[in-house]
>>> print(open('input-v6.txt').read())   # compact mmCIF, C-alpha atoms
# COMPACT_ATOMS: atom_id res chain seq x y z
CA MET A 1 -64.62 -19.67 156.93
CA ASP A 2 -63.36 -17.00 159.35
CA ARG A 3 -63.93 -13.37 158.46
CA THR A 4 -61.60 -12.47 155.62
CA PHE A 5 -59.07 -9.66 155.47
CA VAL A 6 -60.86 -8.15 152.50
CA GLU A 7 -64.14 -7.87 154.41
CA ASP A 8 -62.41 -5.85 157.13
CA GLU A 9 -60.57 -3.75 154.57
CA ILE A 10 -63.80 -2.96 152.71
CA ALA A 11 -65.46 -1.97 155.99
CA SER A 12 -62.60 0.40 156.87
CA GLN A 13 -63.05 2.61 153.80
CA PRO A 14 -65.03 5.46 155.39
CA ARG A 15 -62.13 5.85 157.82
CA THR A 16 -59.37 5.59 155.22
CA TRP A 17 -61.12 8.08 152.92
CA GLY A 18 -61.20 10.54 155.79
CA ASP A 19 -57.53 9.90 156.48
CA ALA A 20 -56.73 10.47 152.80
CA ALA A 21 -58.69 13.73 152.69
CA ARG A 22 -56.87 15.00 155.76
CA LEU A 23 -53.50 14.01 154.28
CA ALA A 24 -54.08 15.83 150.99
CA PRO A 25 -53.08 19.37 152.03
CA SER A 26 -49.75 18.20 153.46
CA VAL A 27 -48.72 16.43 150.24
CA ALA A 28 -50.12 18.95 147.76
CA SER A 29 -46.68 19.90 146.45
CA ALA A 30 -46.12 16.30 145.32
CA LEU A 31 -49.42 16.11 143.44
CA PRO A 32 -50.43 17.74 140.14
CA SER A 33 -50.81 21.51 140.13
CA PRO A 34 -53.63 23.22 138.21
CA GLY A 35 -52.68 23.60 134.56
CA GLU A 36 -50.07 20.86 134.47
CA ARG A 37 -50.23 18.24 131.71
CA VAL A 38 -50.43 15.01 133.69
CA ALA A 39 -50.33 11.29 132.94
CA PHE A 40 -51.67 8.90 135.58
CA VAL A 41 -50.35 5.34 135.25
CA GLY A 42 -50.79 2.02 136.99
CA CYS A 43 -51.39 -1.70 136.48
CA GLY A 44 -54.59 -3.65 137.05
CA THR A 45 -56.70 -1.94 139.69
CA SER A 46 -54.28 0.98 139.77
CA TRP A 47 -54.79 1.55 136.04
CA PHE A 48 -58.54 1.84 136.59
CA VAL A 49 -57.90 4.28 139.44
CA ALA A 50 -55.69 6.24 137.04
CA MET A 51 -58.52 6.34 134.49
CA SER A 52 -60.97 7.75 137.02
CA ALA A 53 -58.49 10.26 138.40
CA ALA A 54 -57.60 11.57 134.94
CA VAL A 55 -61.21 12.15 133.91
CA ARG A 56 -62.12 13.66 137.28
CA ARG A 57 -59.21 16.11 137.11
CA GLU A 58 -59.70 17.18 133.49
CA THR A 59 -63.47 17.66 133.81
CA ALA A 60 -62.80 19.81 136.88
CA GLY A 61 -60.87 22.16 134.59
CA LEU A 62 -57.51 21.49 136.26
CA GLY A 63 -55.56 20.57 133.15
CA LEU A 64 -55.02 17.96 130.48
CA SER A 65 -55.02 14.52 132.12
CA ASP A 66 -54.40 11.14 130.50
CA ALA A 67 -54.29 7.60 131.89
CA PHE A 68 -52.30 4.59 130.73
CA ALA A 69 -51.49 1.07 131.79
CA ALA A 70 -47.85 1.45 132.84
CA SER A 71 -46.73 -0.98 130.13
CA GLU A 72 -48.48 1.11 127.45
CA PHE A 73 -47.16 4.58 128.29
CA PRO A 74 -46.45 6.35 125.00
CA ALA A 75 -42.69 6.75 124.73
CA GLY A 76 -41.68 10.24 123.74
CA ARG A 77 -44.88 11.98 124.78
CA GLU A 78 -44.14 14.87 127.13
CA TYR A 79 -46.02 15.62 130.34
CA ASP A 80 -45.41 18.06 133.13
CA ARG A 81 -45.85 15.25 135.65
CA VAL A 82 -46.32 11.49 135.65
CA VAL A 83 -48.26 10.10 138.64
CA ALA A 84 -47.70 6.38 139.15
CA ILE A 85 -50.04 4.40 141.39
CA SER A 86 -48.79 1.15 142.94
CA ARG A 87 -50.02 -0.35 146.20
CA SER A 88 -46.85 -2.38 146.82
CA GLY A 89 -44.35 -0.24 144.92
CA THR A 90 -42.87 -3.47 143.52
CA THR A 91 -44.70 -3.79 140.20
CA THR A 92 -42.13 -4.25 137.46
CA GLU A 93 -43.80 -2.11 134.78
CA VAL A 94 -44.23 0.82 137.19
CA ILE A 95 -40.61 0.67 138.34
CA GLU A 96 -39.33 0.51 134.76
CA LEU A 97 -41.50 3.44 133.71
CA LEU A 98 -40.43 5.64 136.63
CA ALA A 99 -36.81 4.83 135.87
CA ALA A 100 -37.26 5.77 132.21
CA VAL A 101 -39.26 9.00 132.54
CA ASP A 102 -37.49 12.32 132.92
CA GLY A 103 -39.22 13.92 135.92
CA PRO A 104 -41.08 15.20 137.62
CA THR A 105 -42.69 11.97 138.77
CA THR A 106 -44.86 11.12 141.77
CA LEU A 107 -45.47 7.67 143.20
CA ILE A 108 -48.60 7.02 145.27
CA THR A 109 -48.12 3.82 147.24
CA ALA A 110 -48.91 2.09 150.51
CA VAL A 111 -45.30 1.09 151.18
CA GLY A 112 -42.93 3.97 151.76
CA ASP A 113 -39.66 2.03 151.41
CA SER A 114 -40.64 0.08 148.30
CA PRO A 115 -38.29 -0.31 145.30
CA ALA A 116 -40.34 2.13 143.20
CA THR A 117 -39.63 4.99 145.59
CA ALA A 118 -35.99 5.04 144.50
CA HIS A 119 -37.09 6.02 141.00
CA ALA A 120 -39.75 8.64 141.85
CA ASP A 121 -39.04 12.30 142.46
CA GLU A 122 -41.85 12.45 145.02
CA THR A 123 -43.61 9.72 147.01
CA VAL A 124 -46.98 9.92 148.73
CA THR A 125 -47.49 7.03 151.13
CA LEU A 126 -50.93 5.88 152.25
CA VAL A 127 -49.70 3.47 154.90
CA PHE A 128 -53.14 3.54 156.55
CA ALA A 129 -54.68 2.05 153.39
CA ASP A 130 -52.31 -0.90 152.93
CA GLU A 131 -53.92 -4.32 152.75
CA GLN A 132 -53.30 -7.95 153.65
CA SER A 133 -55.67 -9.30 151.00
CA VAL A 134 -54.32 -9.86 147.51
CA VAL A 135 -57.56 -8.25 146.25
CA GLN A 136 -57.32 -4.46 146.34
CA THR A 137 -60.19 -2.47 147.80
CA ARG A 138 -59.38 0.30 150.25
CA PHE A 139 -56.03 1.33 148.77
CA ALA A 140 -57.61 1.97 145.38
CA THR A 141 -60.52 3.99 146.74
CA SER A 142 -58.31 5.87 149.20
CA VAL A 143 -56.05 7.01 146.34
CA LEU A 144 -59.10 8.45 144.62
CA ALA A 145 -60.23 10.05 147.88
CA LEU A 146 -56.80 11.66 148.23
CA LEU A 147 -56.85 12.96 144.67
CA ARG A 148 -60.44 14.19 144.85
CA ALA A 149 -59.60 16.12 148.01
CA HIS A 150 -56.51 17.52 146.27
CA PHE A 151 -58.72 18.58 143.36
CA GLY A 152 -60.73 20.69 145.80
CA GLU A 153 -63.67 18.40 146.55
CA ASP A 154 -65.38 18.09 149.93
CA LEU A 155 -65.69 14.36 150.64
CA THR A 156 -68.13 14.64 153.53
CA ASP A 157 -71.09 13.35 151.54
CA ALA A 158 -69.04 10.65 149.81
CA ILE A 159 -67.85 9.32 153.17
CA ALA A 160 -71.41 9.31 154.49
CA ASP A 161 -72.44 7.39 151.36
CA ALA A 162 -69.64 4.90 152.04
CA GLU A 163 -71.17 4.18 155.43
CA THR A 164 -74.53 3.63 153.74
CA ALA A 165 -72.95 1.31 151.17
CA LEU A 166 -71.68 -0.95 153.95
CA GLY A 167 -75.25 -1.59 155.11
CA ILE A 168 -76.82 -2.47 151.75
CA ASP A 169 -77.88 -6.11 151.49
CA VAL A 170 -76.14 -7.61 148.46
CA SER A 171 -77.41 -11.16 148.94
CA PRO A 172 -80.42 -10.72 146.61
CA LEU A 173 -77.97 -9.86 143.81
CA THR A 174 -75.81 -12.96 144.02
CA ASP A 175 -78.19 -15.46 142.41
CA VAL A 176 -77.08 -14.51 138.89
CA ASP A 177 -74.74 -15.87 136.23
CA GLN A 178 -73.32 -12.66 134.73
CA CYS A 179 -72.95 -8.93 135.40
CA SER A 180 -72.17 -5.98 133.12
CA PHE A 181 -71.03 -2.85 134.96
CA VAL A 182 -71.66 0.44 133.16
CA ALA A 183 -70.96 4.11 133.85
CA THR A 184 -70.20 7.45 132.27
CA GLY A 185 -67.47 10.01 132.87
CA TRP A 186 -64.98 9.40 135.66
CA ALA A 187 -67.04 6.42 136.90
CA VAL A 188 -66.11 4.36 133.81
CA GLY A 189 -62.84 3.52 135.56
CA LEU A 190 -64.85 2.43 138.61
CA ALA A 191 -67.03 0.18 136.43
CA ASN A 192 -63.90 -1.48 135.09
CA GLU A 193 -62.64 -1.95 138.63
CA ALA A 194 -65.95 -3.43 139.79
CA ALA A 195 -65.81 -5.98 136.99
CA LEU A 196 -62.20 -6.82 137.82
CA LYS A 197 -63.10 -7.37 141.49
CA THR A 198 -65.76 -9.93 140.62
CA ARG A 199 -63.45 -11.74 138.20
CA GLU A 200 -60.58 -11.80 140.71
CA ALA A 201 -62.41 -12.63 143.91
CA ALA A 202 -65.14 -14.93 142.61
CA GLN A 203 -64.02 -16.25 139.19
CA PHE A 204 -67.26 -14.73 137.96
CA TRP A 205 -68.14 -13.52 134.45
CA ALA A 206 -68.24 -9.73 134.62
CA GLU A 207 -67.61 -7.03 132.04
CA ALA A 208 -67.56 -3.24 131.98
CA TYR A 209 -68.51 -0.64 129.36
CA PRO A 210 -69.16 3.07 129.03
CA ALA A 211 -72.91 3.22 129.54
CA MET A 212 -73.69 4.79 126.17
CA ASP A 213 -71.52 2.23 124.38
CA TYR A 214 -73.27 -0.65 126.14
CA ARG A 215 -76.09 -0.25 123.61
CA HIS A 216 -73.64 -0.87 120.76
CA GLY A 217 -73.44 -4.63 121.07
CA PRO A 218 -73.08 -5.76 124.71
CA VAL A 219 -76.80 -5.34 125.39
CA ALA A 220 -77.24 -8.48 123.25
CA ILE A 221 -76.17 -10.66 126.19
CA ALA A 222 -78.71 -9.15 128.60
CA GLN A 223 -81.33 -11.68 129.65
CA PRO A 224 -83.08 -13.01 132.77
CA GLY A 225 -80.58 -14.06 135.43
CA ARG A 226 -78.08 -11.33 134.53
CA LEU A 227 -77.34 -7.89 135.96
CA VAL A 228 -76.61 -4.53 134.37
CA TRP A 229 -75.15 -2.43 137.17
CA SER A 230 -74.60 1.32 136.94
CA LEU A 231 -71.68 2.86 138.82
CA GLY A 232 -72.75 6.39 137.86
CA GLY A 233 -74.21 8.64 135.18
CA THR A 234 -76.96 6.38 133.84
CA PRO A 235 -78.13 7.61 130.40
CA GLU A 236 -81.80 8.33 129.94
CA GLY A 237 -83.72 5.30 128.72
CA LEU A 238 -81.06 2.70 129.52
CA LYS A 239 -82.92 1.18 132.46
CA ALA A 240 -86.05 0.67 130.35
CA GLU A 241 -84.02 -0.97 127.61
CA VAL A 242 -82.41 -3.33 130.10
CA ASP A 243 -85.74 -4.10 131.78
CA ALA A 244 -87.15 -5.11 128.40
CA THR A 245 -84.50 -7.83 128.08
CA GLY A 246 -85.46 -9.43 131.40
CA ALA A 247 -82.09 -8.58 132.95
CA ARG A 248 -82.05 -6.75 136.27
CA PHE A 249 -80.88 -3.13 136.31
CA VAL A 250 -79.00 -2.22 139.50
CA GLU A 251 -78.30 1.32 140.66
CA HIS A 252 -77.77 2.91 144.06
CA ASP A 253 -78.31 6.58 144.87
CA LEU A 254 -74.77 7.06 146.17
CA ASP A 255 -71.51 8.74 145.24
CA PRO A 256 -69.90 6.58 142.52
CA LEU A 257 -66.99 5.69 144.80
CA ALA A 258 -69.48 4.44 147.40
CA ARG A 259 -71.29 2.47 144.69
CA LEU A 260 -67.99 0.70 144.13
CA ILE A 261 -68.06 -0.42 147.76
CA VAL A 262 -71.38 -2.17 147.10
CA ALA A 263 -69.80 -3.91 144.10
CA GLN A 264 -66.78 -4.93 146.19
CA ARG A 265 -69.11 -6.50 148.74
CA PHE A 266 -71.00 -8.23 145.94
CA ALA A 267 -67.75 -9.76 144.69
CA VAL A 268 -66.83 -11.04 148.13
CA ALA A 269 -70.32 -12.43 148.70
CA LEU A 270 -70.11 -14.29 145.38
CA ALA A 271 -66.72 -15.72 146.34
CA LEU A 272 -67.83 -16.87 149.78
CA GLY A 273 -70.99 -18.37 148.33
CA LYS A 274 -68.83 -20.50 146.02
CA GLY A 275 -66.54 -21.58 148.84
CA LEU A 276 -63.63 -19.50 147.50
CA ASP A 277 -61.09 -17.51 149.51
CA PRO A 278 -61.36 -13.91 148.23
CA ASP A 279 -58.10 -13.00 149.98
CA ARG A 280 -56.11 -15.43 147.82
CA PRO A 281 -57.61 -15.60 144.33
CA ARG A 282 -56.52 -18.33 141.97
CA SER A 283 -53.30 -17.56 140.06
CA LEU A 284 -52.86 -14.10 141.64
CA THR A 285 -50.25 -12.56 143.92
CA ARG A 286 -50.10 -9.20 145.69
CA SER A 287 -47.83 -7.77 143.01
CA VAL A 288 -46.66 -8.82 139.56
CA ILE A 289 -42.86 -8.91 139.59
CA LEU A 290 -41.33 -10.01 136.30
CA ALA A 291 -38.04 -11.86 136.10
>>> encode(input="input-v6.txt", output="structure tokens")
Amino acid sequence: MDRTFVEDEIASQPRTWGDAARLAPSVASALPSPGERVAFVGCGTSWFVAMSAAVRRETAGLGLSDAFAASEFPAGREYDRVVAISRSGTTTEVIELLAAVDGPTTLITAVGDSPATAHADETVTLVFADEQSVVQTRFATSVLALLRAHFGEDLTDAIADAETALGIDVSPLTDVDQCSFVATGWAVGLANEAALKTREAAQFWAEAYPAMDYRHGPVAIAQPGRLVWSLGGTPEGLKAEVDATGARFVEHDLDPLARLIVAQRFAVALALGKGLDPDRPRSLTRSVILA
């Protein structure tokens, strides 16, 4: 098989994160201000990005921040701003929510003339992070890079870690039959996204849990031939507990967003090893548009 779109898109992430960080100051007025009550919303990958963004913002002391799947936004709850994330800007649930919410609303998308833009008060377009693959990688991480920069973070080290992540050999990890991704704090959303990537791209059994909650049941499936993979914030003692089951504990000393890159590459490697096309997963399209 020729090199896939998703492989190139994964490899471009150090560049797109830098582009996002540089864009952040020019779009600051469209993004949440300190102290605002904010809801981040999205579908699929974008929902997991919303989860990470909300926790990152609130723990930085910038204001109450919630995250919802767009279809599950609590009607009647008031926020100072709703931030909708949609790569294509065509997702039905996002469009319907933006149309229903009394502003202010912000859409973060890769397509500046998409249908969702007509219903958002502000639009931030990451055209440099758009993708040809159905499987999202760089758009999702570039949204988080944009928001982290807007929250006041210096992404220099994270971008350097992204370069490192691209050189890590994932082939020794692919001879397994199951993977549980775990994390704490804002990386829980990333763990959910890592599991989704492996399910989408490789039709592979993967789950995700808050790392502390993993002990409350899911550890029962840990055994030889399976992975428990930390995306960030590993609790003390968890590795030893996993090692005792015979499962392999995986962790990389990188920024959590760069750890996600390793997981993305793992998903693609699994797919290619099974003869699957990770650009066109079974039963999936670029956007879910409901009749």
>>> closest_residue(input="input-v6.txt", among="A:Phe68, A:Phe5, A:Trp205, A:Phe73", to="Ala54 of chain A", atoms="only C-alpha atoms")
A:Phe68
>>> residues_around(input="input-v6.txt", residues="segment 248-254 of chain A", least_positions_apart="6", cutoff="12 Å", atoms="all atoms listed in the file", output="PyMOL selection string")
chain A and resi 157-166+168-170+172-183+219+222-234+237-242+260-263+266
>>> residues_around(input="input-v6.txt", residues="Glu131 of chain A", least_positions_apart="2", cutoff="8 Å", atoms="all atoms listed in the file", output="short mmCIF file (atom, residue, chain, number, x, y, z; two decimals) with C-alpha atoms, in the frame of the given file")
data_model
loop_
_atom_site.label_atom_id
_atom_site.label_comp_id
_atom_site.auth_asym_id
_atom_site.auth_seq_id
_atom_site.Cartn_x
_atom_site.Cartn_y
_atom_site.Cartn_z
CA PHE A 5 -59.07 -9.66 155.47
CA VAL A 6 -60.86 -8.15 152.50
CA GLU A 9 -60.57 -3.75 154.57
CA ALA A 129 -54.68 2.05 153.39
CA SER A 133 -55.67 -9.30 151.00
CA VAL A 134 -54.32 -9.86 147.51
CA GLN A 136 -57.32 -4.46 146.34
CA ARG A 138 -59.38 0.30 150.25
CA PHE A 139 -56.03 1.33 148.77
#
>>> residues_near_point(input="input-v6.txt", point="(-62.1, 17.8, 147.7)", cutoff="12 Å", atoms="only C-alpha atoms", output="list in words")
Trp17, Gly18, Ala20, Ala21, Arg22, Leu23, Ala24, Pro25, Arg56, Arg57, Ala60, Leu144, Ala145, Leu146, Leu147, Arg148, Ala149, His150, Phe151, Gly152, Glu153, Asp154, Leu155, Thr156, Asp157, Ala158 and Ile159 of chain A
>>> residues_around(input="input-v6.txt", residues="Glu93 of chain A", least_positions_apart="6", cutoff="8 Å", atoms="all atoms listed in the file", output="list in words")
Cys43, Ala70 and Ser71 of chain A
>>> closest_residue(input="input-v6.txt", among="A:Glu207, A:Glu36, A:Asp102, A:Asp80", to="Leu62 of chain A", atoms="only C-alpha atoms")
A:Glu36
>>> atom_distance(input="input-v6.txt", atom1="atom CA of Ile95 of chain A", atom2="atom CA of Thr117 of chain A")
8.5 Å
>>> axis_aligned_box(input="input-v6.txt", around="segment 69-88 of chain A", padding_each_side="3 Å", output="JSON")
{"center_x": -46.6, "center_y": 7.8, "center_z": 135.3, "size_x": 15.8, "size_y": 26.4, "size_z": 29.1}
>>> closest_residue(input="input-v6.txt", among="A:Val55, A:Val188, A:Ala39, A:Val127", to="Val101 of chain A", atoms="only C-alpha atoms")
A:Ala39
>>> atom_distance(input="input-v6.txt", atom1="atom CA of Leu270 of chain A", atom2="atom CA of Arg15 of chain A")
25.0 Å
>>> atom_distance(input="input-v6.txt", atom1="atom CA of Thr184 of chain A", atom2="atom CA of Gly61 of chain A")
17.6 Å
>>> residues_around(input="input-v6.txt", residues="segment 108-110 of chain A", least_positions_apart="2", cutoff="10 Å", atoms="all atoms listed in the file", output="MDAnalysis selection string")
chainID A and resid 30:31 42 46 83:90 106 112:114 116:117 120 122:131 139:140 143 146
>>> closest_residue(input="input-v6.txt", among="A:Val135, A:Pro115, A:Val49, A:Glu72", to="Thr285 of chain A", atoms="only C-alpha atoms")
A:Val135
>>> build_atoms(input="input-v6.txt", residues="segment 53-78 of chain A", atoms="N, CA and C atoms", output="short mmCIF file (atom, residue, chain, number, x, y, z; two decimals), in the frame of the given file")
data_model
loop_
_atom_site.label_atom_id
_atom_site.label_comp_id
_atom_site.auth_asym_id
_atom_site.auth_seq_id
_atom_site.Cartn_x
_atom_site.Cartn_y
_atom_site.Cartn_z
N ALA A 53 -59.15 9.03 137.94
CA ALA A 53 -58.49 10.26 138.40
C ALA A 53 -58.28 11.23 137.24
N ALA A 54 -57.87 10.70 136.08
CA ALA A 54 -57.60 11.57 134.94
C ALA A 54 -58.86 12.27 134.48
N VAL A 55 -59.95 11.53 134.36
CA VAL A 55 -61.21 12.15 133.91
C VAL A 55 -61.72 13.13 134.94
N ARG A 56 -61.64 12.77 136.21
CA ARG A 56 -62.12 13.66 137.28
C ARG A 56 -61.35 14.98 137.25
N ARG A 57 -60.03 14.89 137.09
CA ARG A 57 -59.21 16.11 137.11
C ARG A 57 -59.49 16.99 135.89
N GLU A 58 -59.53 16.37 134.70
CA GLU A 58 -59.70 17.18 133.49
C GLU A 58 -61.09 17.82 133.44
N THR A 59 -62.12 17.08 133.84
CA THR A 59 -63.47 17.66 133.81
C THR A 59 -63.65 18.73 134.88
N ALA A 60 -62.78 18.74 135.88
CA ALA A 60 -62.80 19.81 136.88
C ALA A 60 -62.09 21.06 136.39
N GLY A 61 -61.53 20.99 135.17
CA GLY A 61 -60.87 22.16 134.59
C GLY A 61 -59.47 22.38 135.11
N LEU A 62 -58.81 21.33 135.62
CA LEU A 62 -57.51 21.49 136.26
C LEU A 62 -56.34 21.20 135.33
N GLY A 63 -56.63 20.79 134.10
CA GLY A 63 -55.56 20.57 133.15
C GLY A 63 -55.68 19.26 132.41
N LEU A 64 -55.00 19.17 131.27
CA LEU A 64 -55.02 17.96 130.48
C LEU A 64 -54.55 16.78 131.32
N SER A 65 -55.31 15.69 131.29
CA SER A 65 -55.02 14.52 132.12
C SER A 65 -55.29 13.26 131.32
N ASP A 66 -54.28 12.41 131.20
CA ASP A 66 -54.40 11.14 130.50
C ASP A 66 -54.15 10.00 131.48
N ALA A 67 -54.53 8.79 131.07
CA ALA A 67 -54.29 7.60 131.89
C ALA A 67 -53.82 6.47 130.99
N PHE A 68 -52.85 5.71 131.49
CA PHE A 68 -52.30 4.59 130.73
C PHE A 68 -51.99 3.42 131.66
N ALA A 69 -52.15 2.20 131.15
CA ALA A 69 -51.49 1.07 131.79
C ALA A 69 -49.99 1.35 131.72
N ALA A 70 -49.26 1.08 132.79
CA ALA A 70 -47.85 1.45 132.84
C ALA A 70 -47.06 0.85 131.67
N SER A 71 -47.44 -0.33 131.23
CA SER A 71 -46.73 -0.98 130.13
C SER A 71 -47.01 -0.33 128.78
N GLU A 72 -48.06 0.52 128.72
CA GLU A 72 -48.48 1.11 127.45
C GLU A 72 -48.25 2.62 127.41
N PHE A 73 -47.45 3.14 128.30
CA PHE A 73 -47.16 4.58 128.29
C PHE A 73 -46.50 4.95 126.97
N PRO A 74 -46.99 6.01 126.32
CA PRO A 74 -46.45 6.35 125.00
C PRO A 74 -45.06 6.99 125.08
N ALA A 75 -44.07 6.25 124.68
CA ALA A 75 -42.69 6.75 124.73
C ALA A 75 -42.56 8.02 123.90
N GLY A 76 -41.91 9.00 124.46
CA GLY A 76 -41.68 10.24 123.74
C GLY A 76 -42.73 11.31 123.98
N ARG A 77 -43.87 10.96 124.51
CA ARG A 77 -44.88 11.98 124.78
C ARG A 77 -44.49 12.75 126.05
N GLU A 78 -44.61 14.05 126.01
CA GLU A 78 -44.14 14.87 127.13
C GLU A 78 -45.30 15.30 128.02
#
